[in-house]
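*Asks:* If you scroll down you'll find the structure; I have some questions about it.
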Amino acid sequence: MVPDFQTIMLPILKILEDNKEHKLQELISKICDEFNLSEEERNELVPSGVQTKIYNRVTWAMTHFKKAGLAVSPKRSTFVIGEKGIEVLKSKPSRIDLKFLKEIPEYQKWKETSKGTHSVEKNNINEYSQEELETRTPEELLEDSYSQLKEELAIEIIEKIKECSPSFFERLVVDLLLKMGYGGSKRGKVTGKSGDGGIDGIIDEDKLGLDSIYIQAKKWDTVVGRPEIHKFIGALAGQGAKKGIFITTSNFTKEASEYQPKNDTKIVLIDGIRLANLMIEHSVGVATKINYEVKKIDSDYFEEM
């Protein structure tokens with residue numbers, strides 16, 4: 001039987017204990033050997049048929065490891081133990097699971113960051129007890145799973161953006177706004193120059209170009225405060241502009257979020273989580289992996305039976 005992703009967490013961390021880089025496929029192979037999986041079990045697919053169960057479960061385990069700092073990924077599909085992982089192994093745990101990870105500050109911080117990205121009662125479907133699972137309908141569990149996957153993807157998008165250059169981020173923002181319907185037919189541009197007064201991009205508000213929206217895009221880890229908003233408003237005034245969008249990969253302080261210009265200037269603030277969700281909604285930087293159709297009885301068809 002293919003073990004669940006929490007059961008394989010400790011064995012994976014022990015594989016990484018040698019402090020060397022390990023490819024994903026190598027981890028999968030070693031876990032298969034660790035649990036003496038048969039050839040049939042190694043090739044057993046998830047219900048969608050798009051990947052094997054063991055591949056799915058190892059990748060999920062690594063996702064949570066990265067959030068907790070137990071492992072890092074220096075390059076695509078490659079993992080090495082993190083400082084927190086070394087520390088955890090020194091404590092000689094008998095098991096590592098989601099309950100264990102919740103005690104790690106880095107993991108707690110990620111959970112707090114991801115709160116509010118959806119309205120599910122719990123952040124992770126794996127946190128439901130057996131009793132709760134039995135009382136929830138398949139539709140509810142499907143919705144919860146979808147929300148969890150979307151939440152994970154949003155966090156991954158933010159991390160990916162932070163690896164990109166500032167100029168790429170500015171182009172990404174313009175691409176997103178074009179996909180959202182602004183600018184008509186490619187009527188948006190990145191300013192791409194220093195001394196631009198804090199303006200990183202300009203896009204037409206409508207297809208006729210009757211008004212323009214000015215953009216500031218900051219690929220920051222630090223929280224954006226009210227002074228930065230003041231500077232942006234000043235940059236807009238310097239351009240004779242009345243509308244602006246301030247986008248960041250981080251968050252805004254309460255003072256920045258609540259600030260309203262006294263004149264008729266309109267500012268929209270978009271933080272990292274909202275940016276990622278907009279990218280998912282408008283298919284910017286993401287691709288559809290699989291579609292599921294949930295069907296129900298067509299009552300009208302059977303009415304005359």
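All residue names refer to the structure tokens as shown: chains lettered A, B, ... in order, residues numbered from 1 in each chain, ligands numbered from 1 in order.
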List as a PyMOL selection string the protein and nucleic acid residues near Asp97 (chain A), meaning an atom at most 7 Å away when only C-alpha atoms are counted, but skip any in the same chain fewer than 3 places from it.
*Replies:* chain A and resi 6+9+100-101
*Asks:* Include C-alpha atoms and write out the residues we just selected as a PDB file, in the first residue's frame.
*Replies:*
```
ATOM      1  CA  GLN A   6       2.708  12.465   6.289  1.00  0.00           C
ATOM      2  CA  MET A   9       7.975  12.838   5.888  1.00  0.00           C
ATOM      3  CA  PHE A 100       4.646  18.376  14.237  1.00  0.00           C
ATOM      4  CA  LEU A 101       5.217  21.080  11.604  1.00  0.00           C
TER       5      LEU A 101
END
```
*Asks:* Within 12 Å of Lys102 (chain A), counting only C-alpha atoms, which residues qualify if same-chain residues fewer than 3 places away don't, as a ChimeraX atom specification?
*Replies:* /A:64-65,67-68,96-99,105-112,123-124,127
*Asks:* Take the selection from the previous step and output its residues with N, CA and C atoms, as a PDB file, in the first residue's frame.
*Replies:*
```
ATOM      1  N   HIS A  64       5.452  21.016   1.997  1.00  0.00           N
ATOM      2  CA  HIS A  64       5.344  21.384   3.413  1.00  0.00           C
ATOM      3  C   HIS A  64       6.720  21.520   4.057  1.00  0.00           C
ATOM      4  N   PHE A  65       7.681  20.717   3.628  1.00  0.00           N
ATOM      5  CA  PHE A  65       9.043  20.842   4.147  1.00  0.00           C
ATOM      6  C   PHE A  65       9.624  22.215   3.830  1.00  0.00           C
ATOM      7  N   LYS A  67       7.994  24.993   3.297  1.00  0.00           N
ATOM      8  CA  LYS A  67       7.314  26.020   4.082  1.00  0.00           C
ATOM      9  C   LYS A  67       7.846  26.064   5.510  1.00  0.00           C
ATOM     10  N   ALA A  68       8.259  24.896   6.023  1.00  0.00           N
ATOM     11  CA  ALA A  68       8.745  24.812   7.400  1.00  0.00           C
ATOM     12  C   ALA A  68      10.251  25.054   7.498  1.00  0.00           C
ATOM     13  N   ILE A  96       7.231  12.745  11.868  1.00  0.00           N
ATOM     14  CA  ILE A  96       7.023  14.129  11.436  1.00  0.00           C
ATOM     15  C   ILE A  96       5.731  14.159  10.629  1.00  0.00           C
ATOM     16  N   ASP A  97       4.808  15.009  11.028  1.00  0.00           N
ATOM     17  CA  ASP A  97       3.539  15.159  10.316  1.00  0.00           C
ATOM     18  C   ASP A  97       3.099  16.609  10.415  1.00  0.00           C
ATOM     19  N   LEU A  98       1.888  16.912   9.973  1.00  0.00           N
ATOM     20  CA  LEU A  98       1.418  18.302   9.993  1.00  0.00           C
ATOM     21  C   LEU A  98       1.325  18.851  11.412  1.00  0.00           C
ATOM     22  N   LYS A  99       0.944  18.005  12.348  1.00  0.00           N
ATOM     23  CA  LYS A  99       0.866  18.432  13.748  1.00  0.00           C
ATOM     24  C   LYS A  99       2.245  18.834  14.246  1.00  0.00           C
ATOM     25  N   PRO A 105       8.158  27.668  13.960  1.00  0.00           N
ATOM     26  CA  PRO A 105       7.808  29.085  13.697  1.00  0.00           C
ATOM     27  C   PRO A 105       7.683  29.432  12.219  1.00  0.00           C
ATOM     28  N   GLU A 106       8.601  28.915  11.391  1.00  0.00           N
ATOM     29  CA  GLU A 106       8.554  29.222   9.961  1.00  0.00           C
ATOM     30  C   GLU A 106       7.256  28.709   9.333  1.00  0.00           C
ATOM     31  N   TYR A 107       6.832  27.548   9.777  1.00  0.00           N
ATOM     32  CA  TYR A 107       5.596  26.960   9.243  1.00  0.00           C
ATOM     33  C   TYR A 107       4.390  27.736   9.754  1.00  0.00           C
ATOM     34  N   GLN A 108       4.427  28.134  11.018  1.00  0.00           N
ATOM     35  CA  GLN A 108       3.350  28.937  11.596  1.00  0.00           C
ATOM     36  C   GLN A 108       3.196  30.248  10.835  1.00  0.00           C
ATOM     37  N   LYS A 109       4.337  30.865  10.497  1.00  0.00           N
ATOM     38  CA  LYS A 109       4.308  32.136   9.764  1.00  0.00           C
ATOM     39  C   LYS A 109       3.656  31.955   8.411  1.00  0.00           C
ATOM     40  N   TRP A 110       3.994  30.852   7.716  1.00  0.00           N
ATOM     41  CA  TRP A 110       3.391  30.590   6.414  1.00  0.00           C
ATOM     42  C   TRP A 110       1.890  30.379   6.546  1.00  0.00           C
ATOM     43  N   LYS A 111       1.468  29.636   7.563  1.00  0.00           N
ATOM     44  CA  LYS A 111       0.042  29.386   7.772  1.00  0.00           C
ATOM     45  C   LYS A 111      -0.697  30.698   8.034  1.00  0.00           C
ATOM     46  N   GLU A 112      -0.060  31.584   8.800  1.00  0.00           N
ATOM     47  CA  GLU A 112      -0.683  32.878   9.076  1.00  0.00           C
ATOM     48  C   GLU A 112      -0.777  33.704   7.799  1.00  0.00           C
ATOM     49  N   ASN A 123      -7.323  25.273   7.085  1.00  0.00           N
ATOM     50  CA  ASN A 123      -6.371  25.603   6.038  1.00  0.00           C
ATOM     51  C   ASN A 123      -5.951  24.409   5.203  1.00  0.00           C
ATOM     52  N   ASN A 124      -6.133  23.205   5.716  1.00  0.00           N
ATOM     53  CA  ASN A 124      -5.626  22.027   5.029  1.00  0.00           C
ATOM     54  C   ASN A 124      -6.591  20.877   5.239  1.00  0.00           C
ATOM     55  N   GLU A 127      -6.137  18.313   7.895  1.00  0.00           N
ATOM     56  CA  GLU A 127      -6.329  18.628   9.299  1.00  0.00           C
ATOM     57  C   GLU A 127      -7.674  18.130   9.823  1.00  0.00           C
TER      58      GLU A 127
END
```
*Asks:* Applying 8 Å and only C-alpha atoms, which residues near region 277-289 of chain A remain after dropping the ones on its own chain fewer than 3 positions away? List them as a list in words.
*Replies:* Ala154, Asp175, Leu176, Lys179, Met180, Ile273 and Arg274 of chain A
*Asks:* Restricted to N, CA and C atoms, what would the selected residues look like written as a PDB file, in the first residue's frame?
*Replies:*
```pdb
ATOM      1  N   ALA A 154      -0.843  30.007  -4.993  1.00  0.00           N
ATOM      2  CA  ALA A 154      -0.654  31.446  -4.786  1.00  0.00           C
ATOM      3  C   ALA A 154       0.659  31.734  -4.068  1.00  0.00           C
ATOM      4  N   ASP A 175       1.201  42.767 -18.125  1.00  0.00           N
ATOM      5  CA  ASP A 175       0.540  41.621 -18.764  1.00  0.00           C
ATOM      6  C   ASP A 175      -0.752  41.265 -18.045  1.00  0.00           C
ATOM      7  N   LEU A 176      -0.712  41.273 -16.718  1.00  0.00           N
ATOM      8  CA  LEU A 176      -1.899  40.940 -15.928  1.00  0.00           C
ATOM      9  C   LEU A 176      -3.026  41.935 -16.174  1.00  0.00           C
ATOM     10  N   LYS A 179      -4.641  41.347 -19.440  1.00  0.00           N
ATOM     11  CA  LYS A 179      -5.518  40.185 -19.378  1.00  0.00           C
ATOM     12  C   LYS A 179      -6.822  40.505 -18.650  1.00  0.00           C
ATOM     13  N   MET A 180      -6.772  41.456 -17.736  1.00  0.00           N
ATOM     14  CA  MET A 180      -7.961  41.850 -16.978  1.00  0.00           C
ATOM     15  C   MET A 180      -8.876  42.780 -17.777  1.00  0.00           C
ATOM     16  N   ILE A 273      -0.695  38.350  -2.037  1.00  0.00           N
ATOM     17  CA  ILE A 273      -1.707  37.296  -2.137  1.00  0.00           C
ATOM     18  C   ILE A 273      -2.774  37.660  -3.169  1.00  0.00           C
ATOM     19  N   ARG A 274      -3.217  38.907  -3.162  1.00  0.00           N
ATOM     20  CA  ARG A 274      -4.230  39.320  -4.137  1.00  0.00           C
ATOM     21  C   ARG A 274      -3.653  39.276  -5.554  1.00  0.00           C
TER      22      ARG A 274
END
```
*Asks:* Skipping near chain neighbours, those fewer than 4 positions away, what residues fall within 8 Å of region 242-245 of chain A using only C-alpha atoms, listed as a PyMOL selection string?
*Replies:* chain A and resi 212-216+236-237+264-270
*Asks:* Only N, CA and C atoms, please: the residues just picked out, written as a CSV table (one decimal), in the first residue's frame.
*Replies:*
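Saved to selection32.csv:
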```csv
chain,number,residue,atom,x,y,z
A,212,SER,N,-5.4,57.2,-18.6
A,212,SER,CA,-4.3,56.3,-18.3
A,212,SER,C,-4.2,56.0,-16.9
A,213,ILE,N,-3.8,54.8,-16.6
A,213,ILE,CA,-3.5,54.3,-15.2
A,213,ILE,C,-2.0,54.1,-15.0
A,214,TYR,N,-1.5,54.7,-14.0
A,214,TYR,CA,-0.1,54.6,-13.7
A,214,TYR,C,0.2,53.6,-12.7
A,215,ILE,N,1.3,52.8,-12.9
A,215,ILE,CA,1.6,51.7,-12.1
A,215,ILE,C,2.9,51.8,-11.4
A,216,GLN,N,2.9,51.4,-10.1
A,216,GLN,CA,4.1,51.2,-9.4
A,216,GLN,C,4.2,49.7,-8.9
A,236,LEU,N,2.4,60.6,-9.2
A,236,LEU,CA,1.2,60.8,-10.1
A,236,LEU,C,0.9,62.3,-10.3
A,237,ALA,N,1.1,63.1,-9.3
A,237,ALA,CA,0.8,64.5,-9.5
A,237,ALA,C,1.8,65.1,-10.5
A,264,ASP,N,-8.9,64.3,-5.7
A,264,ASP,CA,-9.7,63.3,-6.4
A,264,ASP,C,-8.8,62.2,-7.0
A,265,THR,N,-7.6,62.0,-6.6
A,265,THR,CA,-6.7,60.9,-7.0
A,265,THR,C,-7.2,59.6,-6.5
A,266,LYS,N,-7.3,58.6,-7.3
A,266,LYS,CA,-7.7,57.3,-6.9
A,266,LYS,C,-6.6,56.3,-7.0
A,267,ILE,N,-6.4,55.6,-5.8
A,267,ILE,CA,-5.3,54.6,-5.7
A,267,ILE,C,-5.8,53.2,-5.4
A,268,VAL,N,-5.4,52.2,-6.1
A,268,VAL,CA,-5.7,50.8,-5.7
A,268,VAL,C,-4.5,50.1,-5.3
A,269,LEU,N,-4.5,49.5,-4.1
A,269,LEU,CA,-3.4,48.7,-3.5
A,269,LEU,C,-3.6,47.2,-3.7
A,270,ILE,N,-2.6,46.6,-4.3
A,270,ILE,CA,-2.7,45.1,-4.5
A,270,ILE,C,-1.5,44.5,-3.8
```
*Asks:* May I ask which of the residues A:His230, A:Glu34, A:Gly181, A:His22 is the closest one to Val72 (chain A), counting only C-alpha atoms?
*Replies:* A:His22
*Asks:* Quote the spacing between CA of Thr59 (chain A) and CA of Leu27 (chain A) in Å to one decimal place.
*Replies:*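 According to the coordinates, CA of Thr59 (chain A) and CA of Leu27 (chain A) are separated by 9.6 Å.
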*Asks:* Using CA of Gly49 (chain A) and CA of Ile297 (chain A) as the two end points, give the distance in Å to one decimal.
*Replies:* 25.1 Å
*Asks:* Contacts of Thr78 (chain A) at 7 Å or less, counting only C-alpha atoms, minus same-chain residues fewer than 6 places along, as a PyMOL selection string?
*Replies:* chain A and resi 21-24
*Asks:* Would you mind telling me which residue in A:Val2, A:Ile229, A:Met62, A:Ala71 lies nearest to Arg42 (chain A) when using only C-alpha atoms?
*Replies:*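 Of the candidates, the smallest distance to Arg42 (chain A) is held by A:Val2.
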*Asks:* Write out as a list in words the residues lying within 9 Å of Ser48 (chain A), counting only C-alpha atoms and excluding same-chain residues fewer than 3 positions away.
*Replies:*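 Residues near the query, excluding close chain neighbours: Leu45, Gln51, Ile290 and Tyr292 of chain A.
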*Asks:* With C-alpha atoms retained, could you export that selection as a compact mmCIF listing (two decimals), in the first residue's frame?
*Replies:*
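In the end it all went to out_12.txt:
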```
# COMPACT_ATOMS: atom_id res chain seq x y z
CA LEU A 45 -2.08 6.48 -10.32
CA GLN A 51 0.60 11.15 -12.05
CA ILE A 290 -6.52 19.16 -15.30
CA TYR A 292 -12.89 18.17 -13.40
```
*Asks:* Might you pull out every residue within 9 Å of Trp220 (chain A), with only C-alpha atoms counted and same-chain residues fewer than 6 positions away left off, and present them as a list in words?
*Replies:*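 Near Trp220 (chain A), the qualifying residues are Lys162, Thr248, Thr249, Ser250 and Asn251 of chain A.
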*Asks:* Which of region 9-144 of chain A end up as strand (DSSP E or B) when DSSP is run on this backbone - answer as number ranges by chain?
*Replies:* A: 22-23, 45, 52, 71-75, 78-81
*Asks:* Write a file of the selected residues as a PDB file, in the first residue's frame, keeping N, CA and C atoms.
*Replies:*
```pdb
ATOM      1  N   HIS A  22      19.426  16.223  -3.774  1.00  0.00           N
ATOM      2  CA  HIS A  22      18.722  15.027  -4.213  1.00  0.00           C
ATOM      3  C   HIS A  22      17.632  15.408  -5.208  1.00  0.00           C
ATOM      4  N   LYS A  23      17.616  14.748  -6.343  1.00  0.00           N
ATOM      5  CA  LYS A  23      16.575  14.961  -7.335  1.00  0.00           C
ATOM      6  C   LYS A  23      15.261  14.364  -6.830  1.00  0.00           C
ATOM      7  N   LEU A  45      -1.785   5.089  -9.974  1.00  0.00           N
ATOM      8  CA  LEU A  45      -2.085   6.483 -10.316  1.00  0.00           C
ATOM      9  C   LEU A  45      -3.104   7.101  -9.376  1.00  0.00           C
ATOM     10  N   THR A  52       1.556   9.417 -10.660  1.00  0.00           N
ATOM     11  CA  THR A  52       1.477   8.312  -9.717  1.00  0.00           C
ATOM     12  C   THR A  52       1.189   8.833  -8.306  1.00  0.00           C
ATOM     13  N   ALA A  71      13.606  21.820   4.343  1.00  0.00           N
ATOM     14  CA  ALA A  71      14.344  21.581   3.098  1.00  0.00           C
ATOM     15  C   ALA A  71      14.260  22.822   2.228  1.00  0.00           C
ATOM     16  N   VAL A  72      15.231  22.957   1.333  1.00  0.00           N
ATOM     17  CA  VAL A  72      15.224  24.056   0.368  1.00  0.00           C
ATOM     18  C   VAL A  72      15.405  23.464  -1.023  1.00  0.00           C
ATOM     19  N   SER A  73      15.012  24.224  -2.017  1.00  0.00           N
ATOM     20  CA  SER A  73      15.129  23.762  -3.401  1.00  0.00           C
ATOM     21  C   SER A  73      16.044  24.715  -4.161  1.00  0.00           C
ATOM     22  N   PRO A  74      17.347  24.375  -4.261  1.00  0.00           N
ATOM     23  CA  PRO A  74      18.298  25.263  -4.942  1.00  0.00           C
ATOM     24  C   PRO A  74      18.042  25.392  -6.435  1.00  0.00           C
ATOM     25  N   LYS A  75      17.413  24.375  -7.018  1.00  0.00           N
ATOM     26  CA  LYS A  75      17.014  24.435  -8.416  1.00  0.00           C
ATOM     27  C   LYS A  75      15.817  23.526  -8.618  1.00  0.00           C
ATOM     28  N   THR A  78      14.933  19.746  -7.290  1.00  0.00           N
ATOM     29  CA  THR A  78      16.119  19.335  -6.538  1.00  0.00           C
ATOM     30  C   THR A  78      16.006  19.860  -5.116  1.00  0.00           C
ATOM     31  N   PHE A  79      16.360  19.024  -4.140  1.00  0.00           N
ATOM     32  CA  PHE A  79      16.179  19.406  -2.746  1.00  0.00           C
ATOM     33  C   PHE A  79      17.427  19.090  -1.924  1.00  0.00           C
ATOM     34  N   VAL A  80      17.628  19.907  -0.899  1.00  0.00           N
ATOM     35  CA  VAL A  80      18.708  19.702   0.055  1.00  0.00           C
ATOM     36  C   VAL A  80      18.160  20.063   1.434  1.00  0.00           C
ATOM     37  N   ILE A  81      18.672  19.426   2.463  1.00  0.00           N
ATOM     38  CA  ILE A  81      18.163  19.684   3.807  1.00  0.00           C
ATOM     39  C   ILE A  81      18.431  21.125   4.219  1.00  0.00           C
TER      40      ILE A  81
END
```
